[in-house]
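Q: One structure, as structure tokens, below. Some questions next.
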Amino acid sequence: MSKTVQLKIKRQDDPGAAPRWEEFEVPWEERLNVHAALMAIQRNPKTVAGQKTTPVVWDANCLEEVCGSCTMLINNRVMQACSALVDNLEQPIELRPMTKYPLIRDLIVDRTRIFADFKRVHSWIDIDGTHDIGPGPKYAPELADIRYALSRCMACGCCMEACPNYGPQSDFIGAAPISQARLMNLHPSGDMHKATRLEALMEPGGVEGCGNAQNCVQVCPKDIPLTTSIADMNGQTARHALASIFRR
């Protein structure tokens with residue numbers, strides 16, 4: 001008898017529709033991941049009871065854990081469908097959309113808030129882009145190692161999904177934008193807009209919104225030192241606030 005994989009998927013046709021659970025069975029393959037299992041369902045959208053249904057929809061792009069778009073709850077843990085191997089998961093594999101963002105359909109959510117918060121902390125280095133300005137500023141290898149670790153963020157939303165202080169009930173900005181603000185402040189050119197980032201993090205919903213649950217660092221697929229970034233940015237904002245008093 002051929003080996004199969006069992007999946008249980010929470011589905012919803014649109015934000016106003018009633019949610020429902022559907023169960024599927026797909027053929028097992030070596031090194032099969034959740035993304036490939038969903039593609040098998042898409043090719044033959046039929047439940048284990050033999051009932052025809054609509055294809056399951058989910059976000060996907062890079063298929064190599066770089067873009068973060070296929071993030072979902074897999075067996076109640078937030079992770080990427082492309083890197084979640086079915087052999088490492090208890091069956092039936094339960095798939096649900098992330099809960100901290102507005103639902104679009106099935107496993108797709110609207111992550112606009114993440115990117116808006118990246119803009120809020122000025123998460124980029126300003127250049128005019130009109131001509132070749134030559135090599136960038138040099139900095140120590142130790143600093144380059146720190147910045148590389150922070151730069152691996154793919155805005156997947158895992159850290160925010162796991163955070164008890166983040167969600168529709170709160171304006172807390174979340175770990176990823178805080179860490180990106182630290183990344184940009186550590187760049188010699190990015191330092192020019194350091195005050196802008198710190199003042200954004202001093203506003204309501206900024207760095208003070210962290211409750212120190214430390215869930216974020218446990219679920220980050222890139223092992224980014226998020227709690228270290230939050231602690232560092234707490235210190236930076238405190239020093240900036242104190243210096244502002246003496247500049248008056």
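Letters A, B, ... go to the chains of the structure tokens in the order shown; residues in each chain start at 1; ligands are counted from 1 in the same order.
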Identify, with DSSP run on backbone atoms, the residues in segment 9-53 of chain A assigned to helix (DSSP H, G or I), and express the list as number ranges by chain.
A: A: 34-43
Q: Can you list every residue of segment 99-119 of chain A that has an atom at most 7 Å from segment 152-174 of chain A, with its nearest atom pair and the distance in Å to one decimal, using only C-alpha atoms, ordered by chain then number, as a tab-separated table?
A:
```
residue	atom	partner	partner_atom	distance
A:Thr99	CA	A:Glu161	CA	6.9
A:Lys100	CA	A:Gly167	CA	4.8
A:Ile114	CA	A:Ala155	CA	6.9
A:Asp117	CA	A:Ile173	CA	6.4
```
Q: With distances taken over only C-alpha atoms, which of A:Ile230, A:Leu186, A:Ala243, A:Val78 is nearest to Ala144 of chain A?
A: A:Leu186
Q: Rounded to one decimal in Å, what is the spacing between atom CA of Gln6 of chain A and atom CA of Met39 of chain A?
A: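 Computing it gives 13.9 Å between the two atoms.
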Q: Which residue is closest to Pro92 of chain A? Choose from A:Lys8, A:Arg182, A:Lys194, A:Arg239 and count only C-alpha atoms.
A: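 Counting only C-alpha atoms, the residue closest to Pro92 of chain A is A:Lys8.
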Q: Check segment 23-67 of chain A with DSSP on the backbone and list each residue it calls strand (DSSP E or B), as a list of chain:residue names.
A: A:Glu23, A:Phe24, A:Glu25, A:Val26, A:Pro27, A:Asn33, A:Lys46, A:Lys52
Q: Using C-alpha atoms, can you write the selected residues to a file as a short mmCIF file (atom, residue, chain, number, x, y, z; two decimals), in the first residue's frame?
A:
```cif
data_model
loop_
_atom_site.label_atom_id
_atom_site.label_comp_id
_atom_site.auth_asym_id
_atom_site.auth_seq_id
_atom_site.Cartn_x
_atom_site.Cartn_y
_atom_site.Cartn_z
CA GLU A 23 -9.06 17.09 5.42
CA PHE A 24 -6.89 15.87 2.56
CA GLU A 25 -4.62 12.98 1.71
CA VAL A 26 -1.72 13.24 -0.72
CA PRO A 27 0.93 10.71 -1.84
CA ASN A 33 7.51 19.74 2.15
CA LYS A 46 -10.75 16.51 -3.28
CA LYS A 52 -14.79 17.97 -4.65
#
```
Q: So how many Å separate atom CA of Asp14 of chain A and atom CA of Pro177 of chain A, to one decimal?
A: 28.6 Å
Q: Give me, as a PDB file with N, CA and C atoms, in the first residue's frame, all polymer residues having an atom no more than 10 Å from Met192 of chain A, counting only C-alpha atoms and skipping those fewer than 6 positions away in the same chain.
A:
```pdb
ATOM      1  N   ILE A 125      18.806  52.773   3.940  1.00  0.00           N
ATOM      2  CA  ILE A 125      19.920  53.710   3.908  1.00  0.00           C
ATOM      3  C   ILE A 125      19.684  54.677   2.760  1.00  0.00           C
ATOM      4  N   ASP A 126      19.727  55.963   3.032  1.00  0.00           N
ATOM      5  CA  ASP A 126      19.442  56.962   2.001  1.00  0.00           C
ATOM      6  C   ASP A 126      20.650  57.196   1.088  1.00  0.00           C
ATOM      7  N   MET A 184      19.999  49.441  10.693  1.00  0.00           N
ATOM      8  CA  MET A 184      20.292  50.670   9.958  1.00  0.00           C
ATOM      9  C   MET A 184      21.109  51.656  10.783  1.00  0.00           C
ATOM     10  N   ASN A 185      20.865  51.697  12.085  1.00  0.00           N
ATOM     11  CA  ASN A 185      21.645  52.591  12.946  1.00  0.00           C
ATOM     12  C   ASN A 185      23.099  52.158  13.061  1.00  0.00           C
TER      13      ASN A 185
END
```
Q: Would you mind listing what lies within 9 Å of Leu32 of chain A as a ChimeraX atom specification, with only C-alpha atoms counted and same-chain residues fewer than 2 positions away left out?
A: /A:28-30,34-37,84-87
Q: Filtering to N, CA and C atoms, could you give me those residues as a compact mmCIF listing (two decimals), in the first residue's frame?
A:
```txt
# COMPACT_ATOMS: atom_id res chain seq x y z
N TRP A 28 2.81 10.33 -0.39
CA TRP A 28 4.09 10.68 0.24
C TRP A 28 5.20 10.63 -0.79
N GLU A 29 6.14 11.56 -0.67
CA GLU A 29 7.37 11.56 -1.47
C GLU A 29 8.53 11.86 -0.56
N GLU A 30 9.70 11.41 -0.92
CA GLU A 30 10.90 11.70 -0.14
C GLU A 30 11.17 13.20 -0.17
N VAL A 34 5.61 20.99 3.01
CA VAL A 34 4.20 21.37 3.09
C VAL A 34 3.76 22.09 1.82
N HIS A 35 4.64 22.89 1.27
CA HIS A 35 4.31 23.60 0.03
C HIS A 35 3.98 22.61 -1.10
N ALA A 36 4.81 21.59 -1.26
CA ALA A 36 4.57 20.59 -2.31
C ALA A 36 3.30 19.80 -2.04
N ALA A 37 3.00 19.55 -0.74
CA ALA A 37 1.76 18.86 -0.40
C ALA A 37 0.55 19.71 -0.78
N ALA A 84 9.20 23.38 5.79
CA ALA A 84 8.62 22.42 6.74
C ALA A 84 8.48 21.07 6.05
N LEU A 85 9.33 20.12 6.39
CA LEU A 85 9.29 18.78 5.80
C LEU A 85 8.24 17.93 6.50
N VAL A 86 7.41 17.25 5.73
CA VAL A 86 6.31 16.48 6.32
C VAL A 86 6.82 15.34 7.20
N ASP A 87 7.99 14.80 6.91
CA ASP A 87 8.52 13.71 7.72
C ASP A 87 8.88 14.17 9.14
```
Q: For Glu199 of chain A, which of A:Ile224, A:Ala149, A:Val121, A:Ile127 is the closest residue, counting only C-alpha atoms?
A: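 Checking each candidate against Glu199 of chain A, we get A:Val121 as the closest.
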Q: Any idea what the distance is between atom CA of Gly136 of chain A and atom CA of Leu150 of chain A?
A: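 According to the coordinates, atom CA of Gly136 of chain A and atom CA of Leu150 of chain A are separated by 18.7 Å.
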